Amino acid sequence: MAGKGTRLMPVTAAIPKALFPLADGAGRIKCVLHVILEHVLDAGIDQVALVVSPGQAEMLERYLDAARRMEGCSIPDRVTFIEQTHPRGFGDAVLCCSGFVGGESFVVLLGDHVQVPVKGAKPGVTQVTEAFDLRGGAAMIGMHEIPVSELSKVGVAKGEPLGGCVYRCVDFVEKPDLETATSRLETPGLGEGVFLGHCGVYAFTPEIFDCLEEETRHKSRVQGEVEMAAAQHRLLQRHPRDYYLLQIAGRACDMGTPEGYYRTVEAWRSVEW
């Protein structure tokens, strides 16, 4: 979740994206982080690390303390704050958590993506973790259907159908153009002009940290951010047969832009639990 939030300035100069409010169909108001943590607990995960920018931890902790005092609150009790001192990219934020994770498999969630499941379905993180537990492998990446208009915004993968909405990842390109997508990334069984895009939920074995370390060493020579996508490519090359994708029942809303936040607010208003 660490980052400058430049696309939502000047609001993010005072309030982290994670604290932007959402109201559901029952009129309950919670912030984005609260919603994400509820989904995490629903998946049976009770230990969480939040990667934050300098100065954010105290504000987030105040919110969590207040939330836990509310009747019916269902968020993990054990939340650790890990400060990313400089915004060196998504991959660096994940690598900051290697000591917290240790030798366990783990889940990565984006702090500006809200999972909106279809009615009657479990939250996206639960869908992904259950598929990962059942299938095993090096990774299980949550995906949702995206149109051509969203190709330039997310990582897009081609999947080989294995049944039960699970695919073996065949190819993956971060924010592809239309020509690349149509020539390399069309997944069998999806409609014309429909692709599988990342939805902000990733389940990995600790081997992803080795890939991130390799990418960090490479970046130390050429400079620049540590890209999670590049580390994922390394992991896919190591495990071409057991790097999996799951098409979730639902979709993710990226609230990291003004338009995206508006769409997220509208989508969340339809949710009733």
# chains A, B, ... in the order shown; residues from 1 in each chain; ligands from 1

$ residues_around --residues "range 83-90 of chain A" --least-positions-apart "3" --cutoff "7 Å" --atoms "only C-alpha atoms" --output "PyMOL selection string"
chain A and resi 2-3+51-54+93-94+225-228

$ write_last_selection --atoms "N, CA and C atoms" --output "compact mmCIF listing (two decimals), in the first residue's frame"
# COMPACT_ATOMS: atom_id res chain seq x y z
N ALA A 2 2.18 1.12 0.23
CA ALA A 2 3.03 2.30 0.27
C ALA A 2 3.07 2.97 -1.10
N GLY A 3 3.18 4.29 -1.09
CA GLY A 3 3.21 5.04 -2.33
C GLY A 3 2.78 6.47 -2.07
N VAL A 51 2.26 -2.59 4.47
CA VAL A 51 3.41 -1.80 4.02
C VAL A 51 2.94 -0.37 3.84
N VAL A 52 3.56 0.55 4.56
CA VAL A 52 3.08 1.94 4.59
C VAL A 52 4.21 2.90 4.26
N SER A 53 3.81 4.08 3.82
CA SER A 53 4.76 5.16 3.60
C SER A 53 5.11 5.81 4.94
N PRO A 54 6.23 6.51 5.02
CA PRO A 54 6.59 7.19 6.27
C PRO A 54 5.47 8.12 6.74
N ALA A 93 7.99 -3.22 -2.16
CA ALA A 93 7.05 -3.27 -1.04
C ALA A 93 6.82 -4.71 -0.58
N VAL A 94 6.68 -5.63 -1.54
CA VAL A 94 6.50 -7.03 -1.18
C VAL A 94 7.77 -7.58 -0.53
N GLU A 225 12.66 1.30 -10.28
CA GLU A 225 11.83 0.60 -9.31
C GLU A 225 11.99 -0.91 -9.45
N VAL A 226 11.73 -1.62 -8.34
CA VAL A 226 11.71 -3.08 -8.37
C VAL A 226 10.31 -3.51 -8.79
N GLU A 227 10.18 -4.04 -9.98
CA GLU A 227 8.88 -4.35 -10.55
C GLU A 227 8.42 -5.74 -10.15
N MET A 228 7.23 -5.81 -9.57
CA MET A 228 6.66 -7.10 -9.22
C MET A 228 6.44 -7.95 -10.46

$ residues_around --residues "range 124-131 of chain A" --least-positions-apart "5" --cutoff "9 Å" --atoms "only C-alpha atoms" --output "list in words"
His39, Val40, Asp42, Ala43, Gly44, Phe106, Val107, Leu109, Gln115, Val116, Pro117, Gly136, Met140, Ile141, Gly142, Val166, Cys199, Val201, Tyr202, Ala203, Leu245, Leu246, Gln247, Ile248, Ala249, Gly250, Arg251 and Ala252 of chain A

$ atom_distance --atom1 "CA of Gly260 in chain A" --atom2 "CA of Leu151 in chain A"
15.0 Å

$ residues_around --residues "Thr205 in chain A" --least-positions-apart "5" --cutoff "9 Å" --atoms "only C-alpha atoms" --output "PyMOL selection string"
chain A and resi 103-107+137-139

$ residues_around --residues "range 233-235 of chain A" --least-positions-apart "4" --cutoff "12 Å" --atoms "only C-alpha atoms" --output "PyMOL selection string"
chain A and resi 137-140+155+157+169-174+204-215+227-229+239-244

$ write_last_selection --atoms "C-alpha atoms" --output "PDB file, in the first residue's frame"
ATOM      1  CA  GLY A 137       2.051 -24.894  -7.079  1.00  0.00           C
ATOM      2  CA  ALA A 138       4.261 -21.815  -7.066  1.00  0.00           C
ATOM      3  CA  ALA A 139       1.515 -19.219  -7.425  1.00  0.00           C
ATOM      4  CA  MET A 140      -2.225 -18.680  -7.751  1.00  0.00           C
ATOM      5  CA  GLY A 155      -1.134  -7.096 -16.057  1.00  0.00           C
ATOM      6  CA  ALA A 157      -2.258 -13.197 -18.780  1.00  0.00           C
ATOM      7  CA  CYS A 169      -0.470 -19.399 -16.958  1.00  0.00           C
ATOM      8  CA  VAL A 170       0.952 -19.575 -20.484  1.00  0.00           C
ATOM      9  CA  ASP A 171       2.036 -15.972 -20.990  1.00  0.00           C
ATOM     10  CA  PHE A 172       1.867 -12.681 -19.134  1.00  0.00           C
ATOM     11  CA  VAL A 173       2.447  -9.064 -20.145  1.00  0.00           C
ATOM     12  CA  GLU A 174       2.231  -6.020 -17.918  1.00  0.00           C
ATOM     13  CA  PHE A 204       2.772 -17.163  -3.595  1.00  0.00           C
ATOM     14  CA  THR A 205       5.233 -19.553  -2.058  1.00  0.00           C
ATOM     15  CA  PRO A 206       8.290 -17.826  -0.512  1.00  0.00           C
ATOM     16  CA  GLU A 207      10.211 -18.515  -3.737  1.00  0.00           C
ATOM     17  CA  ILE A 208       8.878 -15.219  -5.084  1.00  0.00           C
ATOM     18  CA  PHE A 209      11.292 -13.494  -2.683  1.00  0.00           C
ATOM     19  CA  ASP A 210      14.239 -15.151  -4.490  1.00  0.00           C
ATOM     20  CA  CYS A 211      12.889 -13.727  -7.743  1.00  0.00           C
ATOM     21  CA  LEU A 212      12.479 -10.299  -6.161  1.00  0.00           C
ATOM     22  CA  GLU A 213      16.051 -10.430  -4.834  1.00  0.00           C
ATOM     23  CA  GLU A 214      17.286 -11.246  -8.347  1.00  0.00           C
ATOM     24  CA  GLU A 215      15.303  -8.333  -9.724  1.00  0.00           C
ATOM     25  CA  GLU A 227       8.881  -4.347 -10.548  1.00  0.00           C
ATOM     26  CA  MET A 228       6.659  -7.102  -9.219  1.00  0.00           C
ATOM     27  CA  ALA A 229       5.774  -8.072 -12.784  1.00  0.00           C
ATOM     28  CA  HIS A 239       7.557 -23.009 -12.850  1.00  0.00           C
ATOM     29  CA  PRO A 240       5.867 -23.043 -16.269  1.00  0.00           C
ATOM     30  CA  ARG A 241       3.644 -25.982 -15.289  1.00  0.00           C
ATOM     31  CA  ASP A 242       2.435 -24.907 -11.854  1.00  0.00           C
ATOM     32  CA  TYR A 243       2.021 -21.133 -12.009  1.00  0.00           C
ATOM     33  CA  TYR A 244      -1.763 -20.827 -11.908  1.00  0.00           C
TER      34      TYR A 244
END

$ closest_residue --among "A:Thr264, A:Gln56, A:Thr187, A:Thr216" --to "Met143 in chain A" --atoms "only C-alpha atoms"
A:Thr187

$ residues_around --residues "Leu64 in chain A" --least-positions-apart "6" --cutoff "10 Å" --atoms "only C-alpha atoms" --output "list in words"
Leu33, His34, Leu37, Glu58, Cys73, Ile75, Pro76, Asp77 and Val79 of chain A

$ write_last_selection --atoms "C-alpha atoms" --output "PDB file, in the first residue's frame"
ATOM      1  CA  LEU A  33      -8.482  -0.842   4.404  1.00  0.00           C
ATOM      2  CA  HIS A  34     -11.316  -2.001   6.683  1.00  0.00           C
ATOM      3  CA  LEU A  37      -9.026  -6.637   6.249  1.00  0.00           C
ATOM      4  CA  GLU A  58      -0.064   6.216  13.281  1.00  0.00           C
ATOM      5  CA  CYS A  73     -16.027  -5.658  13.949  1.00  0.00           C
ATOM      6  CA  ILE A  75     -10.724  -7.569  11.271  1.00  0.00           C
ATOM      7  CA  PRO A  76      -7.491  -9.344  12.283  1.00  0.00           C
ATOM      8  CA  ASP A  77      -6.113  -8.481  15.709  1.00  0.00           C
ATOM      9  CA  VAL A  79      -1.505  -6.220  12.251  1.00  0.00           C
TER      10      VAL A  79
END

$ select_by_dssp --residues "range 24-219 of chain A" --states "strand (DSSP E or B)" --output "PyMOL selection string"
chain A and resi 29-31+47-52+78-83+106-109+113-117+139-147+155-163+166-174+194-204

$ write_last_selection --atoms "C-alpha atoms" --output "PDB file, in the first residue's frame"
ATOM      1  CA  ILE A  29     -19.427   3.230   6.159  1.00  0.00           C
ATOM      2  CA  LYS A  30     -15.980   1.690   6.286  1.00  0.00           C
ATOM      3  CA  CYS A  31     -12.683   2.688   4.789  1.00  0.00           C
ATOM      4  CA  GLN A  47      -1.675 -12.186  10.729  1.00  0.00           C
ATOM      5  CA  VAL A  48      -1.276  -9.186   8.437  1.00  0.00           C
ATOM      6  CA  ALA A  49       1.579  -6.891   7.469  1.00  0.00           C
ATOM      7  CA  LEU A  50       0.702  -3.450   6.098  1.00  0.00           C
ATOM      8  CA  VAL A  51       3.410  -1.802   4.020  1.00  0.00           C
ATOM      9  CA  VAL A  52       3.080   1.937   4.593  1.00  0.00           C
ATOM     10  CA  ARG A  78      -2.498  -8.977  14.685  1.00  0.00           C
ATOM     11  CA  VAL A  79      -1.505  -6.220  12.251  1.00  0.00           C
ATOM     12  CA  THR A  80       2.151  -5.297  11.769  1.00  0.00           C
ATOM     13  CA  PHE A  81       3.201  -2.045  10.099  1.00  0.00           C
ATOM     14  CA  ILE A  82       6.245  -2.175   7.830  1.00  0.00           C
ATOM     15  CA  GLU A  83       7.568   1.154   6.557  1.00  0.00           C
ATOM     16  CA  PHE A 106       1.382 -15.956   1.740  1.00  0.00           C
ATOM     17  CA  VAL A 107      -1.105 -13.658   0.033  1.00  0.00           C
ATOM     18  CA  VAL A 108      -0.474 -10.182  -1.375  1.00  0.00           C
ATOM     19  CA  LEU A 109      -3.343  -7.705  -1.668  1.00  0.00           C
ATOM     20  CA  HIS A 113      -8.157  -2.537  -5.016  1.00  0.00           C
ATOM     21  CA  VAL A 114     -11.550  -3.450  -3.576  1.00  0.00           C
ATOM     22  CA  GLN A 115     -12.905  -6.912  -4.353  1.00  0.00           C
ATOM     23  CA  VAL A 116     -16.610  -6.904  -5.226  1.00  0.00           C
ATOM     24  CA  PRO A 117     -17.836 -10.525  -5.421  1.00  0.00           C
ATOM     25  CA  ALA A 139       1.515 -19.219  -7.425  1.00  0.00           C
ATOM     26  CA  MET A 140      -2.225 -18.680  -7.751  1.00  0.00           C
ATOM     27  CA  ILE A 141      -3.031 -15.264  -9.195  1.00  0.00           C
ATOM     28  CA  GLY A 142      -6.515 -13.798  -8.990  1.00  0.00           C
ATOM     29  CA  MET A 143      -7.856 -12.640 -12.360  1.00  0.00           C
ATOM     30  CA  HIS A 144     -11.046 -11.106 -13.663  1.00  0.00           C
ATOM     31  CA  GLU A 145     -12.404 -10.454 -17.114  1.00  0.00           C
ATOM     32  CA  ILE A 146     -11.433  -7.091 -18.589  1.00  0.00           C
ATOM     33  CA  PRO A 147     -12.360  -5.414 -21.888  1.00  0.00           C
ATOM     34  CA  GLY A 155      -1.134  -7.096 -16.057  1.00  0.00           C
ATOM     35  CA  VAL A 156      -2.811  -9.431 -18.545  1.00  0.00           C
ATOM     36  CA  ALA A 157      -2.258 -13.197 -18.780  1.00  0.00           C
ATOM     37  CA  LYS A 158      -3.115 -15.989 -21.186  1.00  0.00           C
ATOM     38  CA  GLY A 159      -4.413 -19.090 -19.466  1.00  0.00           C
ATOM     39  CA  GLU A 160      -4.712 -22.752 -20.410  1.00  0.00           C
ATOM     40  CA  PRO A 161      -8.086 -23.897 -18.977  1.00  0.00           C
ATOM     41  CA  LEU A 162      -7.803 -26.626 -16.328  1.00  0.00           C
ATOM     42  CA  GLY A 163     -11.420 -26.586 -15.107  1.00  0.00           C
ATOM     43  CA  VAL A 166      -8.424 -22.379 -12.851  1.00  0.00           C
ATOM     44  CA  TYR A 167      -5.909 -21.847 -15.643  1.00  0.00           C
ATOM     45  CA  ARG A 168      -2.254 -22.659 -16.141  1.00  0.00           C
ATOM     46  CA  CYS A 169      -0.470 -19.399 -16.958  1.00  0.00           C
ATOM     47  CA  VAL A 170       0.952 -19.575 -20.484  1.00  0.00           C
ATOM     48  CA  ASP A 171       2.036 -15.972 -20.990  1.00  0.00           C
ATOM     49  CA  PHE A 172       1.867 -12.681 -19.134  1.00  0.00           C
ATOM     50  CA  VAL A 173       2.447  -9.064 -20.145  1.00  0.00           C
ATOM     51  CA  GLU A 174       2.231  -6.020 -17.918  1.00  0.00           C
ATOM     52  CA  VAL A 194     -12.237 -10.132 -23.392  1.00  0.00           C
ATOM     53  CA  PHE A 195      -9.019 -10.871 -21.516  1.00  0.00           C
ATOM     54  CA  LEU A 196      -7.861 -12.048 -18.087  1.00  0.00           C
ATOM     55  CA  GLY A 197      -6.451  -9.163 -16.054  1.00  0.00           C
ATOM     56  CA  HIS A 198      -4.908  -9.109 -12.583  1.00  0.00           C
ATOM     57  CA  CYS A 199      -7.451  -8.281  -9.881  1.00  0.00           C
ATOM     58  CA  GLY A 200      -5.086  -7.423  -7.022  1.00  0.00           C
ATOM     59  CA  VAL A 201      -4.935 -10.797  -5.196  1.00  0.00           C
ATOM     60  CA  TYR A 202      -1.759 -12.906  -5.379  1.00  0.00           C
ATOM     61  CA  ALA A 203      -0.893 -16.127  -3.532  1.00  0.00           C
ATOM     62  CA  PHE A 204       2.772 -17.163  -3.595  1.00  0.00           C
TER      63      PHE A 204
END

$ closest_residue --among "A:Gly72, A:Leu134, A:Thr182, A:Gly191" --to "Gly164 in chain A" --atoms "only C-alpha atoms"
A:Leu134

$ closest_residue --among "A:Pro258, A:Gly99, A:Gly91, A:Leu178" --to "Ala230 in chain A" --atoms "only C-alpha atoms"
A:Gly91

$ atom_distance --atom1 "CA of Cys253 in chain A" --atom2 "CA of Leu185 in chain A"
21.7 Å
